[in-house]
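Asks: Below is the file structure-v3.cif, which contains mmCIF, C-alpha atoms.
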```
data_upload
loop_
_atom_site.group_PDB
_atom_site.id
_atom_site.type_symbol
_atom_site.label_atom_id
_atom_site.label_comp_id
_atom_site.auth_asym_id
_atom_site.auth_seq_id
_atom_site.Cartn_x
_atom_site.Cartn_y
_atom_site.Cartn_z
ATOM 1 C CA MET K 16 84.368 -213.622 24.448
ATOM 2 C CA LEU K 17 84.469 -214.265 20.698
ATOM 3 C CA LYS K 18 84.924 -217.974 21.304
ATOM 4 C CA ALA K 19 81.884 -218.012 23.580
ATOM 5 C CA VAL K 20 79.541 -216.593 20.932
ATOM 6 C CA ILE K 21 80.620 -219.005 18.196
ATOM 7 C CA ALA K 22 78.740 -222.285 18.024
ATOM 8 C CA PRO K 23 79.714 -225.233 15.812
ATOM 9 C CA GLY K 24 78.675 -224.536 12.242
ATOM 10 C CA ASP K 25 78.422 -220.783 12.700
ATOM 11 C CA ASN K 26 80.052 -218.424 10.253
ATOM 12 C CA ILE K 27 82.908 -216.954 12.255
ATOM 13 C CA PHE K 28 82.827 -213.672 10.336
ATOM 14 C CA GLU K 29 79.109 -213.130 10.834
ATOM 15 C CA ARG K 30 79.383 -213.923 14.530
ATOM 16 C CA ALA K 31 82.414 -211.642 14.801
ATOM 17 C CA MET K 32 80.009 -208.726 14.368
ATOM 18 C CA VAL K 33 78.592 -209.636 17.839
ATOM 19 C CA PRO K 34 75.075 -208.271 17.146
ATOM 20 C CA GLU K 35 74.100 -208.781 20.810
ATOM 21 C CA TYR K 36 76.443 -205.903 21.739
ATOM 22 C CA GLY K 37 75.438 -203.354 19.138
ATOM 23 C CA ARG K 38 75.855 -200.486 21.604
ATOM 24 C CA TYR K 39 79.653 -200.714 21.256
ATOM 25 C CA TRP K 40 81.785 -199.719 18.309
ATOM 26 C CA HIS K 41 83.693 -203.040 18.228
ATOM 27 C CA GLY K 42 86.685 -201.252 16.766
ATOM 28 C CA TYR K 43 88.913 -204.171 17.719
ATOM 29 C CA LEU K 44 87.315 -206.102 14.839
ATOM 30 C CA VAL K 45 89.181 -203.868 12.403
ATOM 31 C CA PHE K 46 92.286 -205.800 13.447
ATOM 32 C CA LEU K 47 90.805 -209.108 14.613
ATOM 33 C CA ARG K 48 88.752 -210.054 11.560
ATOM 34 C CA PRO K 49 91.670 -209.897 9.070
ATOM 35 C CA ILE K 50 93.873 -211.871 11.492
ATOM 36 C CA LEU K 51 91.195 -214.592 11.739
ATOM 37 C CA MET K 52 91.656 -215.188 8.012
ATOM 38 C CA PHE K 53 95.202 -216.410 8.597
ATOM 39 C CA PHE K 54 95.332 -217.771 12.147
ATOM 40 C CA PRO K 55 92.992 -219.884 14.314
ATOM 41 C CA TYR K 56 91.689 -218.570 17.604
ATOM 42 C CA GLU K 57 94.198 -220.435 19.807
ATOM 43 C CA GLU K 58 97.212 -219.241 17.806
ATOM 44 C CA ILE K 59 96.040 -215.640 17.956
ATOM 45 C CA LYS K 60 96.104 -215.839 21.745
ATOM 46 C CA TYR K 61 99.798 -216.753 21.671
ATOM 47 C CA ILE K 62 100.473 -213.896 19.282
ATOM 48 C CA GLY K 63 98.629 -211.723 21.786
ATOM 49 C CA LEU K 64 100.845 -213.021 24.587
ATOM 50 C CA ILE K 65 103.942 -211.973 22.654
ATOM 51 C CA ILE K 66 102.466 -208.514 22.088
ATOM 52 C CA HIS K 67 101.563 -208.236 25.792
ATOM 53 C CA ILE K 68 105.132 -209.083 26.802
ATOM 54 C CA PHE K 69 106.474 -206.582 24.284
ATOM 55 C CA GLY K 70 104.001 -203.938 25.472
ATOM 56 C CA ILE K 71 104.799 -204.261 29.171
ATOM 57 C CA SER K 72 108.512 -204.162 28.304
ATOM 58 C CA ILE K 73 108.038 -200.936 26.356
ATOM 59 C CA ILE K 74 106.123 -199.205 29.142
ATOM 60 C CA TYR K 75 108.614 -200.513 31.729
ATOM 61 C CA PHE K 76 111.635 -199.022 29.970
ATOM 62 C CA SER K 77 109.707 -195.810 29.246
ATOM 63 C CA VAL K 78 108.790 -195.282 32.916
ATOM 64 C CA LYS K 79 112.329 -196.244 33.917
ATOM 65 C CA ARG K 80 113.385 -192.926 32.379
ATOM 66 C CA ILE K 81 111.537 -191.290 35.269
ATOM 67 C CA SER K 82 112.418 -193.751 38.007
ATOM 68 C CA ASP K 83 113.571 -197.339 38.313
ATOM 69 C CA PHE K 84 111.380 -197.664 41.406
ATOM 70 C CA LEU K 85 108.294 -196.522 39.503
ATOM 71 C CA ALA K 86 109.021 -198.828 36.561
ATOM 72 C CA LYS K 87 109.282 -201.839 38.851
ATOM 73 C CA GLY K 88 106.224 -200.670 40.806
ATOM 74 C CA LEU K 89 104.181 -200.443 37.608
ATOM 75 C CA VAL K 90 105.120 -203.998 36.613
ATOM 76 C CA VAL K 91 104.230 -205.225 40.106
ATOM 77 C CA SER K 92 100.860 -203.475 39.776
ATOM 78 C CA PHE K 93 100.237 -205.182 36.436
ATOM 79 C CA PHE K 94 101.100 -208.584 37.875
ATOM 80 C CA LEU K 95 99.002 -208.159 41.019
ATOM 81 C CA TYR K 96 95.899 -207.122 39.089
ATOM 82 C CA GLY K 97 95.364 -209.647 36.326
ATOM 83 C CA TRP K 98 98.068 -209.085 33.729
ATOM 84 C CA LEU K 99 99.122 -212.744 33.743
ATOM 85 C CA THR K 100 95.713 -213.829 32.409
ATOM 86 C CA ALA K 101 94.932 -210.823 30.185
ATOM 87 C CA TRP K 102 96.285 -212.584 27.088
ATOM 88 C CA LEU K 103 93.710 -215.356 27.405
ATOM 89 C CA SER K 104 90.798 -213.148 26.321
ATOM 90 C CA PHE K 105 90.568 -210.831 23.309
ATOM 91 C CA GLN K 106 88.217 -208.699 25.393
ATOM 92 C CA PHE K 107 91.146 -207.251 27.345
ATOM 93 C CA TYR K 108 93.573 -206.747 24.472
ATOM 94 C CA SER K 109 92.427 -203.307 23.365
ATOM 95 C CA THR K 110 92.578 -201.667 26.789
ATOM 96 C CA TYR K 111 95.952 -203.112 27.728
ATOM 97 C CA PHE K 112 97.476 -202.252 24.355
ATOM 98 C CA ILE K 113 96.243 -198.669 24.747
ATOM 99 C CA VAL K 114 97.723 -198.527 28.262
ATOM 100 C CA TYR K 115 101.105 -199.689 26.962
ATOM 101 C CA ILE K 116 101.139 -197.049 24.234
ATOM 102 C CA ALA K 117 99.565 -194.189 26.208
ATOM 103 C CA GLY K 118 101.730 -194.878 29.264
ATOM 104 C CA SER K 119 104.869 -194.861 27.149
ATOM 105 C CA LEU K 120 103.841 -191.650 25.382
ATOM 106 C CA ALA K 121 103.086 -190.026 28.748
ATOM 107 C CA THR K 122 106.795 -190.180 29.605
ATOM 108 C CA ARG K 123 107.736 -188.299 26.449
ATOM 109 C CA ILE K 124 105.061 -185.745 25.549
ATOM 110 C CA ARG K 125 105.127 -182.127 26.701
ATOM 111 C CA GLU K 126 102.751 -180.535 29.200
ATOM 112 C CA GLU K 127 100.923 -178.447 26.613
ATOM 113 C CA THR K 128 99.824 -181.619 24.804
ATOM 114 C CA TYR K 129 98.304 -183.304 27.883
ATOM 115 C CA PRO K 130 94.711 -182.049 27.307
ATOM 116 C CA ILE K 131 94.461 -183.314 23.733
ATOM 117 C CA PHE K 132 96.339 -186.484 24.722
ATOM 118 C CA PHE K 133 93.674 -187.483 27.266
ATOM 119 C CA PHE K 134 90.825 -186.438 24.983
ATOM 120 C CA ILE K 135 92.116 -188.606 22.122
ATOM 121 C CA THR K 136 92.880 -191.500 24.481
ATOM 122 C CA GLY K 137 89.267 -191.449 25.661
ATOM 123 C CA MET K 138 88.020 -191.545 22.073
ATOM 124 C CA ILE K 139 90.310 -194.418 21.104
ATOM 125 C CA VAL K 140 89.310 -196.617 24.040
ATOM 126 C CA ALA K 141 85.609 -195.924 23.356
ATOM 127 C CA PHE K 142 86.120 -197.146 19.784
ATOM 128 C CA LEU K 143 88.188 -200.248 20.563
ATOM 129 C CA ASP K 144 87.068 -201.451 24.001
ATOM 130 C CA LEU K 145 84.029 -203.510 25.045
ATOM 131 C CA LEU K 146 83.638 -201.907 28.505
ATOM 132 C CA SER K 147 86.249 -204.171 30.051
ATOM 133 C CA VAL K 148 88.633 -201.974 32.081
ATOM 134 C CA PRO K 149 88.740 -198.664 30.135
ATOM 135 C CA LEU K 150 89.563 -196.633 33.251
ATOM 136 C CA LEU K 151 93.116 -198.016 33.101
ATOM 137 C CA THR K 152 93.722 -195.894 30.005
ATOM 138 C CA LEU K 153 93.060 -192.796 32.114
ATOM 139 C CA GLY K 154 94.505 -193.767 35.484
ATOM 140 C CA ILE K 155 97.890 -195.222 34.500
ATOM 141 C CA PRO K 156 98.999 -192.419 32.105
ATOM 142 C CA LEU K 157 97.684 -189.862 34.611
ATOM 143 C CA LEU K 158 99.809 -191.344 37.398
ATOM 144 C CA ILE K 159 102.874 -191.456 35.156
ATOM 145 C CA ILE K 160 102.435 -187.803 34.255
ATOM 146 C CA TYR K 161 101.884 -186.824 37.888
ATOM 147 C CA ALA K 162 105.058 -188.671 38.878
ATOM 148 C CA LYS K 163 107.000 -187.005 36.064
ATOM 149 C CA GLU K 164 105.824 -183.414 36.486
ATOM 150 C CA LYS K 165 106.310 -181.106 39.459
ATOM 151 C CA ARG K 166 103.827 -178.462 38.331
ATOM 152 C CA ILE K 167 100.765 -180.676 37.862
ATOM 153 C CA ASN K 168 98.144 -179.782 40.471
ATOM 154 C CA PHE K 169 94.721 -181.022 41.510
ATOM 155 C CA MET K 170 92.891 -178.818 38.989
ATOM 156 C CA ASN K 171 95.028 -180.152 36.145
ATOM 157 C CA ILE K 172 94.136 -183.698 37.138
ATOM 158 C CA ILE K 173 90.423 -182.872 37.237
ATOM 159 C CA LEU K 174 90.702 -181.243 33.804
ATOM 160 C CA TYR K 175 92.437 -184.253 32.263
ATOM 161 C CA CYS K 176 89.810 -186.593 33.729
ATOM 162 C CA ILE K 177 87.008 -184.456 32.322
ATOM 163 C CA LEU K 178 88.624 -184.334 28.878
ATOM 164 C CA TRP K 179 89.112 -188.106 28.850
ATOM 165 C CA GLY K 180 85.470 -188.529 29.891
ATOM 166 C CA ILE K 181 84.263 -186.136 27.192
ATOM 167 C CA GLY K 182 86.293 -187.948 24.533
ATOM 168 C CA TYR K 183 85.006 -191.320 25.715
ATOM 169 C CA GLY K 184 81.390 -190.221 26.113
ATOM 170 C CA LEU K 185 81.072 -188.257 22.870
ATOM 171 C CA PHE K 186 82.616 -191.004 20.766
ATOM 172 C CA TRP K 187 80.466 -193.665 22.418
ATOM 173 C CA ILE K 188 77.235 -191.701 21.887
ATOM 174 C CA ALA K 189 78.227 -190.938 18.292
ATOM 175 C CA LYS K 190 77.425 -194.531 17.262
ATOM 176 C CA PRO K 191 73.679 -194.464 18.073
ATOM 177 C CA LEU K 192 73.383 -191.019 16.502
ATOM 178 C CA ILE K 193 75.019 -192.187 13.282
ATOM 179 C CA ALA K 194 73.161 -195.523 13.318
ATOM 180 C CA THR K 195 69.794 -193.838 13.925
ATOM 181 C CA TYR K 196 70.388 -191.513 10.981
ATOM 182 C CA ILE K 197 71.562 -194.232 8.569
ATOM 183 C CA LEU K 198 69.121 -196.998 9.546
ATOM 184 C CA GLN K 199 66.180 -194.692 10.246
ATOM 185 C CA GLN K 200 65.529 -196.627 13.456
ATOM 186 C CA ASN K 201 65.510 -195.415 17.053
ATOM 187 C CA ILE K 202 68.858 -196.939 18.058
ATOM 188 C CA ILE K 203 69.306 -194.234 20.694
ATOM 189 C CA ALA K 204 66.550 -195.780 22.823
ATOM 190 C CA ASP K 205 68.469 -199.075 23.132
ATOM 191 C CA PHE K 206 71.629 -197.210 24.092
ATOM 192 C CA TYR K 207 69.725 -195.258 26.726
ATOM 193 C CA HIS K 208 68.103 -198.346 28.271
ATOM 194 C CA GLN K 209 71.395 -200.230 28.332
ATOM 195 C CA ALA K 210 73.157 -197.292 29.986
ATOM 196 C CA ILE K 211 70.494 -197.096 32.703
ATOM 197 C CA TYR K 212 70.658 -200.862 33.198
ATOM 198 C CA ARG K 213 74.460 -200.887 33.541
ATOM 199 C CA ILE K 214 74.320 -198.079 36.069
ATOM 200 C CA GLY K 215 71.596 -199.638 38.194
ATOM 201 C CA GLY K 216 69.758 -202.530 36.662
ATOM 202 C CA SER K 217 68.970 -205.767 38.437
ATOM 203 C CA SER K 218 70.910 -207.095 41.351
ATOM 204 C CA PRO K 219 72.883 -210.351 40.928
ATOM 205 C CA ARG K 220 72.906 -210.867 44.712
ATOM 206 C CA PRO K 221 70.276 -210.644 47.485
ATOM 207 C CA ALA K 222 68.061 -207.637 46.813
ATOM 208 C CA GLU K 223 68.411 -206.270 50.343
ATOM 209 C CA ILE K 224 72.046 -205.394 49.583
ATOM 210 C CA PRO K 225 72.302 -202.196 47.472
ATOM 211 C CA ILE K 226 73.775 -202.878 44.061
ATOM 212 C CA TRP K 227 76.515 -200.277 44.508
ATOM 213 C CA LEU K 228 77.592 -201.905 47.780
ATOM 214 C CA GLN K 229 77.699 -205.313 46.104
ATOM 215 C CA ALA K 230 79.860 -203.865 43.349
ATOM 216 C CA ILE K 231 82.304 -202.270 45.808
ATOM 217 C CA THR K 232 82.523 -205.421 47.914
ATOM 218 C CA LEU K 233 83.044 -207.785 44.994
ATOM 219 C CA ASN K 234 85.582 -205.561 43.250
ATOM 220 C CA GLY K 235 87.240 -203.793 46.159
ATOM 221 C CA ARG K 236 88.349 -206.920 47.989
ATOM 222 C CA VAL K 237 91.325 -207.117 45.634
ATOM 223 C CA LEU K 238 92.739 -204.112 47.508
ATOM 224 C CA ILE K 239 94.005 -206.618 50.062
ATOM 225 C CA ALA K 240 97.042 -206.846 47.781
ATOM 226 C CA LEU K 241 98.026 -203.336 48.944
ATOM 227 C CA VAL K 242 98.547 -204.477 52.533
ATOM 228 C CA PRO K 243 101.959 -206.162 51.977
ATOM 229 C CA ILE K 244 103.142 -203.117 49.988
ATOM 230 C CA PHE K 245 102.063 -200.748 52.726
ATOM 231 C CA LEU K 246 103.685 -202.875 55.440
ATOM 232 C CA TYR K 247 106.950 -203.175 53.506
ATOM 233 C CA PHE K 248 107.241 -199.393 53.042
ATOM 234 C CA ARG K 249 105.592 -198.399 56.349
ATOM 235 C CA LYS K 250 108.737 -196.695 57.671
ATOM 236 C CA LYS K 251 109.013 -194.554 54.548
ATOM 237 C CA ILE K 252 105.382 -193.436 54.440
ATOM 238 C CA PHE K 253 104.197 -190.179 55.979
ATOM 239 C CA TRP K 254 101.292 -187.926 55.055
ATOM 240 C CA ASN K 255 101.961 -185.016 52.733
ATOM 241 C CA ILE K 256 98.735 -183.313 51.740
ATOM 242 C CA LYS K 257 100.192 -181.538 48.710
ATOM 243 C CA CYS K 258 100.945 -184.718 46.776
ATOM 244 C CA GLY K 259 98.700 -186.970 48.824
ATOM 245 C CA MET K 260 95.340 -185.466 47.910
ATOM 246 C CA PRO K 261 95.745 -185.716 44.115
ATOM 247 C CA LEU K 262 96.932 -189.304 44.442
ATOM 248 C CA LEU K 263 94.125 -190.114 46.843
ATOM 249 C CA PHE K 264 91.707 -188.866 44.193
ATOM 250 C CA ILE K 265 93.327 -190.858 41.370
ATOM 251 C CA GLY K 266 93.635 -193.955 43.534
ATOM 252 C CA GLY K 267 89.959 -193.616 44.467
ATOM 253 C CA MET K 268 88.721 -193.352 40.879
ATOM 254 C CA PRO K 269 88.131 -197.120 40.619
ATOM 255 C CA VAL K 270 85.738 -196.917 43.587
ATOM 256 C CA LEU K 271 83.787 -194.138 41.878
ATOM 257 C CA TRP K 272 83.755 -196.050 38.585
ATOM 258 C CA VAL K 273 82.458 -199.210 40.264
ATOM 259 C CA CYS K 274 79.714 -197.244 42.051
ATOM 260 C CA ILE K 275 78.554 -195.521 38.862
ATOM 261 C CA LEU K 276 78.595 -198.710 36.757
ATOM 262 C CA ALA K 277 77.265 -200.733 39.672
ATOM 263 C CA ASN K 278 75.321 -203.381 37.761
ATOM 264 C CA HIS K 279 78.072 -204.016 35.241
ATOM 265 C CA SER K 280 80.738 -204.130 37.966
ATOM 266 C CA ALA K 281 78.750 -206.454 40.239
ATOM 267 C CA ILE K 282 78.035 -208.960 37.464
ATOM 268 C CA HIS K 283 81.482 -208.869 35.856
ATOM 269 C CA TYR K 284 83.595 -208.327 38.967
ATOM 270 C CA TRP K 285 85.975 -211.102 37.895
ATOM 271 C CA PHE K 286 87.465 -208.750 35.310
ATOM 272 C CA THR K 287 86.284 -205.250 36.283
ATOM 273 C CA ALA K 288 88.284 -205.514 39.530
ATOM 274 C CA ARG K 289 91.430 -205.110 37.424
ATOM 275 C CA ILE K 290 90.911 -201.339 37.472
ATOM 276 C CA PHE K 291 92.115 -201.328 41.080
ATOM 277 C CA MET K 292 95.576 -201.618 39.591
ATOM 278 C CA ILE K 293 95.253 -197.826 39.512
ATOM 279 C CA SER K 294 94.966 -197.734 43.315
ATOM 280 C CA CYS K 295 98.017 -199.959 43.673
ATOM 281 C CA PHE K 296 100.175 -197.854 41.374
ATOM 282 C CA ALA K 297 98.878 -194.657 43.017
ATOM 283 C CA LEU K 298 100.241 -195.890 46.367
ATOM 284 C CA LEU K 299 103.631 -196.582 44.791
ATOM 285 C CA VAL K 300 103.688 -193.174 43.101
ATOM 286 C CA TYR K 301 102.920 -191.594 46.473
ATOM 287 C CA ILE K 302 105.835 -193.453 48.078
ATOM 288 C CA TYR K 303 108.071 -192.240 45.245
ATOM 289 C CA LYS K 304 106.945 -188.626 45.601
ATOM 290 C CA ILE K 305 107.276 -188.383 49.386
ATOM 291 C CA ASN K 306 110.637 -190.133 49.275
ATOM 292 C CA ASN K 307 111.837 -187.444 46.858
ATOM 293 C CA TYR K 308 110.461 -184.835 49.227
ATOM 294 C CA LYS K 309 112.320 -186.338 52.166
ATOM 295 C CA ASN K 310 115.582 -186.538 50.188
ATOM 296 C CA ASN K 311 115.404 -183.114 48.556
ATOM 297 C CA HIS K 312 113.567 -181.139 51.255
ATOM 298 C CA GLY K 313 111.917 -179.148 48.511
ATOM 299 C CA ASP K 314 108.553 -178.713 46.878
ATOM 300 C CA ILE K 315 107.046 -181.724 45.195
#
```
Turn the structure described in the file into structure tokens.
Replies:
Amino acid sequence: MLKAVIAPGDNIFERAMVPEYGRYWHGYLVFLRPILMFFPYEEIKYIGLIIHIFGISIIYFSVKRISDFLAKGLVVSFFLYGWLTAWLSFQFYSTYFIVYIAGSLATRIREETYPIFFFITGMIVAFLDLLSVPLLTLGIPLLIIYAKEKRINFMNIILYCILWGIGYGLFWIAKPLIATYILQQNIIADFYHQAIYRIGGSSPRPAEIPIWLQAITLNGRVLIALVPIFLYFRKKIFWNIKCGMPLLFIGGMPVLWVCILANHSAIHYWFTARIFMISCFALLVYIYKINNYKNNHGDI
């Protein structure tokens, strides 16, 4: 994205402020702007690739402490839903880096720290991300924790989602409040109009098709990647409502996200569809949980 907003002759540091997207914190610039002093754009991408490889390795070996099957399933989910091209755009760096760190921490932290963990994660992604695929920072750690813990129930999951949403929402809205106070301008109005536009806004496709349906169709078609997984494990899959319902909810969060941010998701489906990685990993977590149930004949 940064490359796209820089024209020949522009001052790279001035353009790095991205004034057209003032509704975001642009926290990633805290790291990106100093790096641009020492490395050109193309070289930074290769540095990013190295960090991505290191990050996915860290989360792989962290999840492997829970299950080798889950660790491999998580990597498969990454690969199926856009990881191979994530390093090509700075726009995705923040979210993926947070997923690597938060997912790894989720395998180690204790249950009593889960509420503050999700609250802080929501705040961090609101500061660093540019509304790329922030839901990954909720869905992937949540699935890891659900796979790890036996006592996590539906109400716990709802609570963690709410706390992540509060952290994300409060930190995001803090910028217009602070900016309005400092600049003595009504910055809040722009934030409000942009929020309404991203939720509904104009339709990029024929008007007779509801925007939310366009968003689901354009983003949800990537779920076709789940078919081979389901067919491969079809003999091991059976319905267990106790672990199935929470995972059905988590796996369905991308659909809800796409419906709420319908305009944004319909226009930018080429990258917003990556959040359906959550649905893929949710299916694999379900297979892991019911397989444990079948082997142990005990409560999940």
Asks: Give me, as number ranges by chain, all polymer residues having an atom no more than 9 Å from Ser119 (chain K), counting only C-alpha atoms and skipping those fewer than 6 positions away in the same chain.
Replies: K: 73-78, 156, 159
Asks: Specify as a list of chain:residue names each residue included when the PyMOL selection byres ((chain K and resi 269-271) around 8) is applied to this file.
Replies: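 Expected selection for the PyMOL selection byres ((chain K and resi 269-271) around 8) here is K:Leu150, K:Ile231, K:Gly235, K:Gly266, K:Gly267, K:Met268, K:Trp272, K:Val273, K:Cys274, K:Ile275, K:Ile290, K:Phe291, K:Ile293, K:Ser294.
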Asks: Determine, counting only C-alpha atoms, which protein, DNA and RNA residues have an atom within 10 Å of an atom of Phe245 (chain K); residues of the same chain fewer than 3 positions away are not included. Present the result as a list in words.
Replies: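 Here the answer would be Ala240, Leu241, Val242, Phe248, Arg249, Lys250, Lys251, Ile252, Cys295, Leu298, Leu299 and Ile302 of chain K.
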Asks: Give me a file of those residues, with C-alpha atoms, as a PDB file, keeping the file's coordinate frame.
Replies:
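File written: part.pdb
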```
ATOM      1  CA  ALA K 240      97.042-206.846  47.781  1.00  0.00           C
ATOM      2  CA  LEU K 241      98.026-203.336  48.944  1.00  0.00           C
ATOM      3  CA  VAL K 242      98.547-204.477  52.533  1.00  0.00           C
ATOM      4  CA  PHE K 248     107.241-199.393  53.042  1.00  0.00           C
ATOM      5  CA  ARG K 249     105.592-198.399  56.349  1.00  0.00           C
ATOM      6  CA  LYS K 250     108.737-196.695  57.671  1.00  0.00           C
ATOM      7  CA  LYS K 251     109.013-194.554  54.548  1.00  0.00           C
ATOM      8  CA  ILE K 252     105.382-193.436  54.440  1.00  0.00           C
ATOM      9  CA  CYS K 295      98.017-199.959  43.673  1.00  0.00           C
ATOM     10  CA  LEU K 298     100.241-195.890  46.367  1.00  0.00           C
ATOM     11  CA  LEU K 299     103.631-196.582  44.791  1.00  0.00           C
ATOM     12  CA  ILE K 302     105.835-193.453  48.078  1.00  0.00           C
TER      13      ILE K 302
END
```
Asks: Any chance you could work out the residue set of the PyMOL selection byres ((chain K and resi 120) around 12) here, as a ChimeraX atom specification?
Replies: /K:73-78,80,113-119,121-126,128-129,132-133,136,152,155-157,159-160
Asks: From the set K:Tyr183, K:Phe53, K:Met292, K:Ile226, which residue has the shortest atom-to-atom contact distance to Val90 (chain K), counting only C-alpha atoms?
Replies: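 Ranking K:Tyr183, K:Phe53, K:Met292, K:Ile226 by distance to Val90 (chain K), first place goes to K:Met292.
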Asks: To test your reading of the syntax: which residues would the PyMOL selection byres ((chain K and resi 66-69) around 10) return for the file shown? Reply as a PyMOL selection string.
Replies: chain K and resi 60-65+70-75+98-99+101-102+108+111-112+115
Asks: How would the residues just picked look written out with C-alpha atoms as a PDB file, in the coordinates of the input?
Replies:
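Dumped to selection-v4.pdb:
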```
ATOM      1  CA  LYS K  60      96.104-215.839  21.745  1.00  0.00           C
ATOM      2  CA  TYR K  61      99.798-216.753  21.671  1.00  0.00           C
ATOM      3  CA  ILE K  62     100.473-213.896  19.282  1.00  0.00           C
ATOM      4  CA  GLY K  63      98.629-211.723  21.786  1.00  0.00           C
ATOM      5  CA  LEU K  64     100.845-213.021  24.587  1.00  0.00           C
ATOM      6  CA  ILE K  65     103.942-211.973  22.654  1.00  0.00           C
ATOM      7  CA  GLY K  70     104.001-203.938  25.472  1.00  0.00           C
ATOM      8  CA  ILE K  71     104.799-204.261  29.171  1.00  0.00           C
ATOM      9  CA  SER K  72     108.512-204.162  28.304  1.00  0.00           C
ATOM     10  CA  ILE K  73     108.038-200.936  26.356  1.00  0.00           C
ATOM     11  CA  ILE K  74     106.123-199.205  29.142  1.00  0.00           C
ATOM     12  CA  TYR K  75     108.614-200.513  31.729  1.00  0.00           C
ATOM     13  CA  TRP K  98      98.068-209.085  33.729  1.00  0.00           C
ATOM     14  CA  LEU K  99      99.122-212.744  33.743  1.00  0.00           C
ATOM     15  CA  ALA K 101      94.932-210.823  30.185  1.00  0.00           C
ATOM     16  CA  TRP K 102      96.285-212.584  27.088  1.00  0.00           C
ATOM     17  CA  TYR K 108      93.573-206.747  24.472  1.00  0.00           C
ATOM     18  CA  TYR K 111      95.952-203.112  27.728  1.00  0.00           C
ATOM     19  CA  PHE K 112      97.476-202.252  24.355  1.00  0.00           C
ATOM     20  CA  TYR K 115     101.105-199.689  26.962  1.00  0.00           C
TER      21      TYR K 115
END
```
Asks: Work out how far apart CA of Phe46 (chain K) and CA of Phe105 (chain K) are and give it in Å to one decimal.
Replies: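 CA of Phe105 (chain K) lies at a distance of 11.2 Å from CA of Phe46 (chain K).
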Asks: Mind giving me the straight-line distance from CA of Tyr43 (chain K) to CA of Tyr196 (chain K) in Å, one decimal?
Replies: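 Computing it gives 23.4 Å between the two atoms.
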Asks: Expressed in Å to a single decimal, how great is the separation between CA of Leu228 (chain K) and CA of Asn278 (chain K)?
Replies: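 Calculated distance between CA of Leu228 (chain K) and CA of Asn278 (chain K) is 10.4 Å.
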Asks: List the neighbours of Arg166 (chain K) out to 12 Å using only C-alpha atoms; skip same-chain residues closer than 4 positions along the sequence, and give me the result as a VMD selection string.
Replies: chain K and resid 126 160 to 162 170 to 172 257 to 258 314 to 315
Asks: My list of candidates is K:Lys190, K:Arg236, K:Lys163, K:Lys309. Which is closest to Leu85 (chain K) when distances are computed with all atoms listed in the file?
Replies: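 Ranked by minimum distance to Leu85 (chain K), first place goes to K:Lys163.
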Asks: Please determine, counting all atoms listed in the file, which residue among K:Leu89, K:Gly180, K:Ile244, K:Met260 has the shortest atom-to-atom distance to Gly137 (chain K).
Replies: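 Of all the options, K:Gly180 lies closest to Gly137 (chain K).
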Asks: If you count only C-alpha atoms, which residues fall within 12 Å of Ile256 (chain K), apart from same-chain ones fewer than 5 positions away, as a list in words?
Replies: Asn168, Phe169, Pro261, Leu262, Leu263, Phe264, Tyr301, Lys304, Ile305, Asp314 and Ile315 of chain K
Asks: In file coordinates, which residues lie within 12 Å of (87.9, -195.2, 24.2) using all atoms listed in the file, given as a PyMOL selection string?
Replies: chain K and resi 39-43+109-114+117+133-153+178-188
Asks: Can region 149-158 of chain K be brought up to N, CA and C atoms and written out as a PDB file, keeping the file's coordinate frame?
Replies:
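Okay, this is what ended up in result08.pdb:
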```
ATOM      1  N   PRO K 149      88.277-199.879  30.832  1.00  0.00           N
ATOM      2  CA  PRO K 149      88.740-198.664  30.135  1.00  0.00           C
ATOM      3  C   PRO K 149      89.370-197.625  31.042  1.00  0.00           C
ATOM      4  N   LEU K 150      89.016-197.636  32.332  1.00  0.00           N
ATOM      5  CA  LEU K 150      89.563-196.633  33.251  1.00  0.00           C
ATOM      6  C   LEU K 150      91.079-196.722  33.354  1.00  0.00           C
ATOM      7  N   LEU K 151      91.656-197.882  33.062  1.00  0.00           N
ATOM      8  CA  LEU K 151      93.116-198.016  33.101  1.00  0.00           C
ATOM      9  C   LEU K 151      93.786-197.060  32.134  1.00  0.00           C
ATOM     10  N   THR K 152      93.121-196.774  31.012  1.00  0.00           N
ATOM     11  CA  THR K 152      93.722-195.894  30.005  1.00  0.00           C
ATOM     12  C   THR K 152      93.742-194.440  30.453  1.00  0.00           C
ATOM     13  N   LEU K 153      92.996-194.123  31.494  1.00  0.00           N
ATOM     14  CA  LEU K 153      93.060-192.796  32.114  1.00  0.00           C
ATOM     15  C   LEU K 153      93.997-192.815  33.310  1.00  0.00           C
ATOM     16  N   GLY K 154      93.797-193.768  34.213  1.00  0.00           N
ATOM     17  CA  GLY K 154      94.505-193.767  35.484  1.00  0.00           C
ATOM     18  C   GLY K 154      96.003-193.959  35.375  1.00  0.00           C
ATOM     19  N   ILE K 155      96.454-194.924  34.573  1.00  0.00           N
ATOM     20  CA  ILE K 155      97.890-195.222  34.500  1.00  0.00           C
ATOM     21  C   ILE K 155      98.678-194.082  33.841  1.00  0.00           C
ATOM     22  N   PRO K 156      98.274-193.582  32.655  1.00  0.00           N
ATOM     23  CA  PRO K 156      98.999-192.419  32.105  1.00  0.00           C
ATOM     24  C   PRO K 156      98.946-191.199  33.020  1.00  0.00           C
ATOM     25  N   LEU K 157      97.820-190.997  33.705  1.00  0.00           N
ATOM     26  CA  LEU K 157      97.684-189.862  34.611  1.00  0.00           C
ATOM     27  C   LEU K 157      98.684-189.959  35.765  1.00  0.00           C
ATOM     28  N   LEU K 158      98.845-191.140  36.312  1.00  0.00           N
ATOM     29  CA  LEU K 158      99.809-191.344  37.398  1.00  0.00           C
ATOM     30  C   LEU K 158     101.241-191.167  36.918  1.00  0.00           C
TER      31      LEU K 158
END
```
